[in-house]
$ cat entry_26.pdb   # PDB, C-alpha atoms
ATOM      1  CA  MET A   1    -204.520 145.486-101.908
ATOM      2  CA  SER A   2    -201.633 143.275-102.991
ATOM      3  CA  SER A   3    -200.397 143.081-106.496
ATOM      4  CA  ASP A   4    -199.593 139.917-108.473
ATOM      5  CA  SER A   5    -195.885 140.596-108.073
ATOM      6  CA  GLU A   6    -196.173 139.963-104.332
ATOM      7  CA  LYS A   7    -197.441 136.375-104.779
ATOM      8  CA  PRO A   8    -194.938 133.720-103.687
ATOM      9  CA  ALA A   9    -193.103 132.002-106.535
ATOM     10  CA  ALA A  10    -194.196 128.456-107.357
ATOM     11  CA  ALA A  11    -191.798 125.813-105.986
ATOM     12  CA  LYS A  12    -189.598 124.139-108.590
ATOM     13  CA  PRO A  13    -189.942 120.365-108.809
ATOM     14  CA  GLU A  14    -186.952 118.536-107.251
ATOM     15  CA  GLU A  15    -184.425 117.320-109.818
ATOM     16  CA  LYS A  16    -183.736 113.620-109.394
ATOM     17  CA  PRO A  17    -180.060 112.683-109.784
ATOM     18  CA  SER A  18    -179.426 110.788-112.978
ATOM     19  CA  PRO A  19    -178.474 107.134-112.413
ATOM     20  CA  PRO A  20    -174.762 106.369-112.854
ATOM     21  CA  LYS A  21    -173.785 105.223-116.301
ATOM     22  CA  PRO A  22    -172.856 101.549-116.415
ATOM     23  CA  THR A  23    -169.117 100.937-116.765
ATOM     24  CA  PRO A  24    -168.474  99.340-120.126
ATOM     25  CA  LYS A  25    -167.012  95.856-119.866
ATOM     26  CA  PRO A  26    -163.621  95.393-121.498
ATOM     27  CA  PRO A  27    -163.805  93.321-124.648
ATOM     28  CA  ALA A  28    -163.175  89.642-124.069
ATOM     29  CA  LYS A  29    -159.624  88.657-124.873
ATOM     30  CA  ALA A  30    -159.231  86.297-127.724
ATOM     31  CA  GLU A  31    -157.548  83.062-126.745
ATOM     32  CA  GLU A  32    -153.846  83.272-127.466
ATOM     33  CA  LYS A  33    -152.780  80.732-130.017
ATOM     34  CA  PRO A  34    -149.331  79.189-129.651
ATOM     35  CA  VAL A  35    -146.790  80.785-131.939
ATOM     36  CA  GLU A  36    -146.033  78.574-134.917
ATOM     37  CA  LEU A  37    -142.367  77.888-135.430
ATOM     38  CA  PRO A  38    -140.785  78.763-138.771
ATOM     39  CA  ALA A  39    -139.853  75.713-140.824
ATOM     40  CA  PHE A  40    -136.176  75.588-139.844
ATOM     41  CA  GLU A  41    -136.805  76.040-136.125
ATOM     42  CA  LYS A  42    -139.710  73.567-136.283
ATOM     43  CA  GLY A  43    -137.366  70.934-137.694
ATOM     44  CA  ILE A  44    -135.088  71.339-134.673
ATOM     45  CA  SER A  45    -138.025  71.347-132.263
ATOM     46  CA  ASP A  46    -139.547  68.209-133.799
ATOM     47  CA  LYS A  47    -136.286  66.283-133.371
ATOM     48  CA  LEU A  48    -136.090  67.255-129.707
ATOM     49  CA  VAL A  49    -139.719  66.349-129.000
ATOM     50  CA  GLU A  50    -139.393  63.074-130.909
ATOM     51  CA  LYS A  51    -136.394  62.128-128.771
ATOM     52  CA  PHE A  52    -137.451  63.433-125.354
ATOM     53  CA  GLY A  53    -141.235  63.891-125.495
ATOM     54  CA  ASP A  54    -142.591  65.830-122.528
ATOM     55  CA  LYS A  55    -139.146  65.932-120.874
ATOM     56  CA  VAL A  56    -138.479  69.091-122.888
ATOM     57  CA  GLU A  57    -140.484  72.250-123.479
ATOM     58  CA  VAL A  58    -139.649  74.142-126.668
ATOM     59  CA  ASP A  59    -140.406  77.867-127.005
ATOM     60  CA  PHE A  60    -140.047  80.090-130.037
ATOM     61  CA  VAL A  61    -138.260  83.244-128.912
ATOM     62  CA  LYS A  62    -137.866  84.903-132.295
ATOM     63  CA  GLU A  63    -136.384  84.042-135.662
ATOM     64  CA  ASP A  64    -133.099  82.174-135.193
ATOM     65  CA  ARG A  65    -133.775  81.826-131.461
ATOM     66  CA  ILE A  66    -135.271  78.734-129.815
ATOM     67  CA  GLY A  67    -135.641  78.152-126.085
ATOM     68  CA  ILE A  68    -135.522  74.669-124.572
ATOM     69  CA  LYS A  69    -136.443  73.995-120.951
ATOM     70  CA  THR A  70    -135.731  70.738-119.197
ATOM     71  CA  SER A  71    -135.264  69.370-115.694
ATOM     72  CA  LYS A  72    -131.917  69.016-113.985
ATOM     73  CA  GLU A  73    -132.281  65.230-114.279
ATOM     74  CA  ASN A  74    -132.462  65.447-118.083
ATOM     75  CA  VAL A  75    -130.280  68.461-118.920
ATOM     76  CA  HIS A  76    -127.109  66.454-119.530
ATOM     77  CA  ASP A  77    -128.807  64.005-121.939
ATOM     78  CA  VAL A  78    -130.546  66.864-123.761
ATOM     79  CA  ALA A  79    -127.236  68.752-124.085
ATOM     80  CA  GLN A  80    -125.507  65.677-125.534
ATOM     81  CA  PHE A  81    -128.298  65.251-128.092
ATOM     82  CA  ILE A  82    -128.088  68.930-129.039
ATOM     83  CA  ARG A  83    -124.351  68.533-129.630
ATOM     84  CA  ASP A  84    -124.303  65.130-131.350
ATOM     85  CA  ASP A  85    -127.543  65.177-133.352
ATOM     86  CA  LEU A  86    -128.316  68.860-133.832
ATOM     87  CA  HIS A  87    -124.640  69.906-134.265
ATOM     88  CA  TYR A  88    -124.533  72.810-131.813
ATOM     89  CA  ASP A  89    -120.885  72.497-130.872
ATOM     90  CA  HIS A  90    -120.213  75.157-128.212
ATOM     91  CA  ALA A  91    -121.725  77.270-125.465
ATOM     92  CA  GLU A  92    -121.514  80.983-126.175
ATOM     93  CA  SER A  93    -122.375  81.932-122.593
ATOM     94  CA  VAL A  94    -123.624  80.619-119.260
ATOM     95  CA  SER A  95    -125.715  82.776-116.949
ATOM     96  CA  GLY A  96    -128.156  82.426-114.082
ATOM     97  CA  VAL A  97    -131.389  83.949-112.806
ATOM     98  CA  ASP A  98    -132.536  83.919-109.181
ATOM     99  CA  TYR A  99    -136.230  83.135-108.574
ATOM    100  CA  PRO A 100    -136.672  83.378-104.775
ATOM    101  CA  ALA A 101    -140.477  83.201-105.020
ATOM    102  CA  ASP A 102    -140.133  79.802-106.738
ATOM    103  CA  ASN A 103    -137.252  78.664-104.499
ATOM    104  CA  GLU A 104    -135.262  77.951-107.657
ATOM    105  CA  ILE A 105    -132.282  79.254-109.583
ATOM    106  CA  GLU A 106    -132.333  78.974-113.360
ATOM    107  CA  VAL A 107    -129.153  78.357-115.329
ATOM    108  CA  VAL A 108    -129.152  79.454-118.970
ATOM    109  CA  TYR A 109    -126.805  78.114-121.672
ATOM    110  CA  HIS A 110    -126.685  79.921-125.036
ATOM    111  CA  LEU A 111    -125.510  77.376-127.613
ATOM    112  CA  GLY A 112    -124.195  77.950-131.130
ATOM    113  CA  SER A 113    -122.315  76.166-133.901
ATOM    114  CA  TYR A 114    -119.043  76.874-135.658
ATOM    115  CA  SER A 115    -119.032  73.623-137.628
ATOM    116  CA  GLU A 116    -122.528  73.613-139.211
ATOM    117  CA  SER A 117    -123.037  76.462-141.687
ATOM    118  CA  SER A 118    -126.843  76.195-141.574
ATOM    119  CA  LEU A 119    -126.676  77.028-137.843
ATOM    120  CA  ALA A 120    -124.426  80.068-138.238
ATOM    121  CA  ARG A 121    -127.210  82.492-137.248
ATOM    122  CA  GLN A 122    -128.951  80.196-134.783
ATOM    123  CA  VAL A 123    -128.697  80.546-131.018
ATOM    124  CA  LEU A 124    -130.341  77.826-128.978
ATOM    125  CA  THR A 125    -131.109  78.571-125.338
ATOM    126  CA  LEU A 126    -131.021  75.596-122.974
ATOM    127  CA  THR A 127    -132.355  76.256-119.480
ATOM    128  CA  THR A 128    -132.746  74.187-116.342
ATOM    129  CA  ARG A 129    -133.372  74.937-112.676
ATOM    130  CA  ALA A 130    -131.805  73.956-109.348
ATOM    131  CA  PRO A 131    -133.435  74.137-105.909
ATOM    132  CA  ARG A 132    -132.625  77.362-104.051
ATOM    133  CA  GLU A 133    -131.467  77.236-100.439
ATOM    134  CA  SER A 134    -132.428  80.222 -98.279
ATOM    135  CA  HIS A 135    -129.201  79.858 -96.272
ATOM    136  CA  PRO A 136    -126.804  78.536 -98.897
ATOM    137  CA  ILE A 137    -123.645  76.577 -98.279
ATOM    138  CA  PRO A 138    -122.374  76.412-101.886
ATOM    139  CA  GLY A 139    -121.210  72.926-102.754
ATOM    140  CA  GLN A 140    -122.721  71.410 -99.601
ATOM    141  CA  ASP A 141    -126.449  71.966-100.095
ATOM    142  CA  SER A 142    -129.124  70.970-102.634
ATOM    143  CA  THR A 143    -128.419  73.837-105.066
ATOM    144  CA  LYS A 144    -126.665  71.560-107.542
ATOM    145  CA  LEU A 145    -126.772  70.719-111.240
ATOM    146  CA  PRO A 146    -124.787  68.293-113.391
ATOM    147  CA  THR A 147    -121.979  70.052-115.213
ATOM    148  CA  LEU A 148    -122.058  70.335-119.001
ATOM    149  CA  ARG A 149    -118.258  70.754-119.091
ATOM    150  CA  ASP A 150    -117.827  67.291-120.658
ATOM    151  CA  VAL A 151    -120.384  68.181-123.359
ATOM    152  CA  PHE A 152    -119.357  71.779-124.125
ATOM    153  CA  TYR A 153    -115.797  72.582-123.082
ATOM    154  CA  SER A 154    -116.522  76.315-123.228
ATOM    155  CA  VAL A 155    -118.825  76.254-120.171
ATOM    156  CA  GLU A 156    -115.855  75.833-117.816
ATOM    157  CA  PHE A 157    -115.504  79.440-116.677
ATOM    158  CA  GLY A 158    -119.202  80.297-117.093
ATOM    159  CA  GLU A 159    -120.239  77.540-114.683
ATOM    160  CA  ARG A 160    -117.587  78.679-112.216
ATOM    161  CA  GLU A 161    -119.013  82.199-112.312
ATOM    162  CA  VAL A 162    -122.577  80.928-111.757
ATOM    163  CA  PHE A 163    -121.255  78.840-108.850
ATOM    164  CA  GLU A 164    -119.750  81.788-107.004
ATOM    165  CA  MET A 165    -122.301  84.455-107.959
ATOM    166  CA  LEU A 166    -125.498  82.400-107.441
ATOM    167  CA  GLY A 167    -124.327  79.416-105.386
ATOM    168  CA  VAL A 168    -125.103  76.681-107.951
ATOM    169  CA  TYR A 169    -122.608  73.839-107.569
ATOM    170  CA  PHE A 170    -121.926  71.837-110.754
ATOM    171  CA  ASP A 171    -121.426  68.146-110.021
ATOM    172  CA  GLY A 172    -118.585  66.737-112.086
ATOM    173  CA  HIS A 173    -116.993  70.080-112.943
ATOM    174  CA  PRO A 174    -113.211  69.614-112.880
ATOM    175  CA  ASP A 175    -112.462  72.983-111.242
ATOM    176  CA  ASN A 176    -115.316  74.175-109.026
ATOM    177  CA  ARG A 177    -113.324  77.032-107.481
ATOM    178  CA  ARG A 178    -114.318  80.652-107.127
ATOM    179  CA  LEU A 179    -113.359  82.780-110.088
ATOM    180  CA  LEU A 180    -113.809  86.407-108.975
ATOM    181  CA  LEU A 181    -114.528  86.352-105.234
ATOM    182  CA  PRO A 182    -112.020  85.576-102.482
ATOM    183  CA  GLU A 183    -111.849  81.922-101.446
ATOM    184  CA  ASP A 184    -112.960  82.815 -97.902
ATOM    185  CA  TRP A 185    -116.158  84.602 -99.078
ATOM    186  CA  ALA A 186    -118.727  83.942 -96.340
ATOM    187  CA  ASP A 187    -121.681  86.115 -97.407
ATOM    188  CA  LEU A 188    -124.602  85.242 -99.700
ATOM    189  CA  PRO A 189    -123.737  84.754-103.381
ATOM    190  CA  PRO A 190    -123.787  88.371-104.645
ATOM    191  CA  LEU A 191    -126.194  87.917-107.577
ATOM    192  CA  ARG A 192    -128.956  86.524-105.393
ATOM    193  CA  LYS A 193    -131.822  88.950-104.969
ATOM    194  CA  ASP A 194    -131.609  88.935-101.170
ATOM    195  CA  PHE A 195    -127.943  89.937-101.160
ATOM    196  CA  ALA A 196    -127.482  93.384 -99.570
ATOM    197  CA  ILE A 197    -124.395  95.553-100.002
ATOM    198  CA  LYS A 198    -123.022  96.354 -96.553
ATOM    199  CA  GLY A 199    -123.589  99.928 -95.392
ATOM    200  CA  ARG A 200    -126.505 100.644 -97.761
TER     201      ARG A 200
END
$ encode --input "entry_26.pdb" --output "structure tokens"
Amino acid sequence: MSSDSEKPAAAKPEEKPSPPKPTPKPPAKAEEKPVELPAFEKGISDKLVEKFGDKVEVDFVKEDRIGIKTSKENVHDVAQFIRDDLHYDHAESVSGVDYPADNEIEVVYHLGSYSESSLARQVLTLTTRAPRESHPIPGQDSTKLPTLRDVFYSVEFGEREVFEMLGVYFDGHPDNRRLLLPEDWADLPPLRKDFAIKGR
């Protein structure tokens, strides 16, 4: 005679796996509104747009800093207007940025004023781009821009440095010689992103 304890245990019902929780969608980004220029910077921007229209693009960098982009065909006229009508009288620096993915090299002029007290804290950035040759022959290929040496005397050595370090030739520059590299330099311009130091 078997006892109740010998009866087989009742089978437990199978546990169904819980469905995966839905991944919450990230909140929709609000449309970015263009940054409004402060009054002083807006006055400068309005004069540029009134004169050149869509030939210039004006960006607000931060207080006392405005960025102006223009094509190589218009950069000389824009620079003259900045000097004569906006009273920025010198270039504080000239530099360049290599954009191999865009096949372009950007040249950046930082402009200031000694003669206009209201511009004492202002730095205006003027940028333009030149085509980038994959196998450059500096001075004998399409990587060229008009010089601003006749507009801002102080660009003389900065443009020479951009010429030798990035391969941008400045048409009309009175002294387009190398500044730091040997005259017989035959490698890529050393600030291009595809330049490789030998032995590394």
$ resolve_selection --input "entry_26.pdb" --expression "the PyMOL selection byres ((chain A and resi 159-161) around 12)" --output "ChimeraX atom specification"
/A:91,93-96,107-109,138-139,144-149,152-158,162-181,189-191
$ residues_near_point --input "entry_26.pdb" --point "(-128.7, 87.5, -103.1)" --cutoff "12 Å" --atoms "only C-alpha atoms" --output "list in words"
Val97, Asp98, Tyr99, Pro100, Ile105, Arg132, Glu133, Ser134, His135, Pro136, Glu164, Met165, Leu166, Gly167, Asp187, Leu188, Pro189, Pro190, Leu191, Arg192, Lys193, Asp194, Phe195, Ala196 and Ile197 of chain A
$ residues_around --input "entry_26.pdb" --residues "Val56 of chain A" --least-positions-apart "6" --cutoff "9 Å" --atoms "only C-alpha atoms" --output "list in words"
Leu48, Val49, Ile68, Lys69, Thr70, Ser71, Asn74 and Val78 of chain A
$ closest_residue --input "entry_26.pdb" --among "A:Asp141, A:Glu92, A:Glu183, A:Asp85" --to "Leu124 of chain A" --atoms "only C-alpha atoms"
A:Glu92
$ atom_distance --input "entry_26.pdb" --atom1 "atom CA of Gln140 of chain A" --atom2 "atom CA of Gln80 of chain A"
26.7 Å
$ residues_near_point --input "entry_26.pdb" --point "(-132.6, 75.7, -115.3)" --cutoff "6 Å" --atoms "all atoms listed in the file" --output "PyMOL selection string"
chain A and resi 106-107+127-129
$ residues_around --input "entry_26.pdb" --residues "Leu86 of chain A" --least-positions-apart "6" --cutoff "12 Å" --atoms "only C-alpha atoms" --output "PDB file with C-alpha atoms, in the coordinates of the input"
ATOM      1  CA  PHE A  40    -136.176  75.588-139.844  1.00  0.00           C
ATOM      2  CA  GLU A  41    -136.805  76.040-136.125  1.00  0.00           C
ATOM      3  CA  GLY A  43    -137.366  70.934-137.694  1.00  0.00           C
ATOM      4  CA  ILE A  44    -135.088  71.339-134.673  1.00  0.00           C
ATOM      5  CA  SER A  45    -138.025  71.347-132.263  1.00  0.00           C
ATOM      6  CA  ASP A  46    -139.547  68.209-133.799  1.00  0.00           C
ATOM      7  CA  LYS A  47    -136.286  66.283-133.371  1.00  0.00           C
ATOM      8  CA  LEU A  48    -136.090  67.255-129.707  1.00  0.00           C
ATOM      9  CA  LYS A  51    -136.394  62.128-128.771  1.00  0.00           C
ATOM     10  CA  VAL A  78    -130.546  66.864-123.761  1.00  0.00           C
ATOM     11  CA  ALA A  79    -127.236  68.752-124.085  1.00  0.00           C
ATOM     12  CA  GLN A  80    -125.507  65.677-125.534  1.00  0.00           C
ATOM     13  CA  LEU A 111    -125.510  77.376-127.613  1.00  0.00           C
ATOM     14  CA  GLY A 112    -124.195  77.950-131.130  1.00  0.00           C
ATOM     15  CA  SER A 113    -122.315  76.166-133.901  1.00  0.00           C
ATOM     16  CA  SER A 115    -119.032  73.623-137.628  1.00  0.00           C
ATOM     17  CA  GLU A 116    -122.528  73.613-139.211  1.00  0.00           C
ATOM     18  CA  SER A 118    -126.843  76.195-141.574  1.00  0.00           C
ATOM     19  CA  LEU A 119    -126.676  77.028-137.843  1.00  0.00           C
ATOM     20  CA  GLN A 122    -128.951  80.196-134.783  1.00  0.00           C
ATOM     21  CA  LEU A 124    -130.341  77.826-128.978  1.00  0.00           C
TER      22      LEU A 124
END
$ atom_distance --input "entry_26.pdb" --atom1 "atom CA of Asn103 of chain A" --atom2 "atom CA of Gly67 of chain A"
21.7 Å
$ atom_distance --input "entry_26.pdb" --atom1 "atom CA of Thr125 of chain A" --atom2 "atom CA of Arg65 of chain A"
7.4 Å
$ axis_aligned_box --input "entry_26.pdb" --around "segment 184-192 of chain A" --padding-each-side "8 Å" --output "lines of an AutoDock Vina configuration file"
center_x = -121.0
center_y = 85.6
center_z = -102.0
size_x = 32.0
size_y = 21.6
size_z = 27.2
$ closest_residue --input "entry_26.pdb" --among "A:Pro38, A:Pro182, A:Asp77, A:Arg83" --to "Lys62 of chain A" --atoms "all atoms listed in the file"
A:Pro38
$ closest_residue --input "entry_26.pdb" --among "A:Arg121, A:Lys55, A:Lys198, A:His87" --to "Val151 of chain A" --atoms "all atoms listed in the file"
A:His87
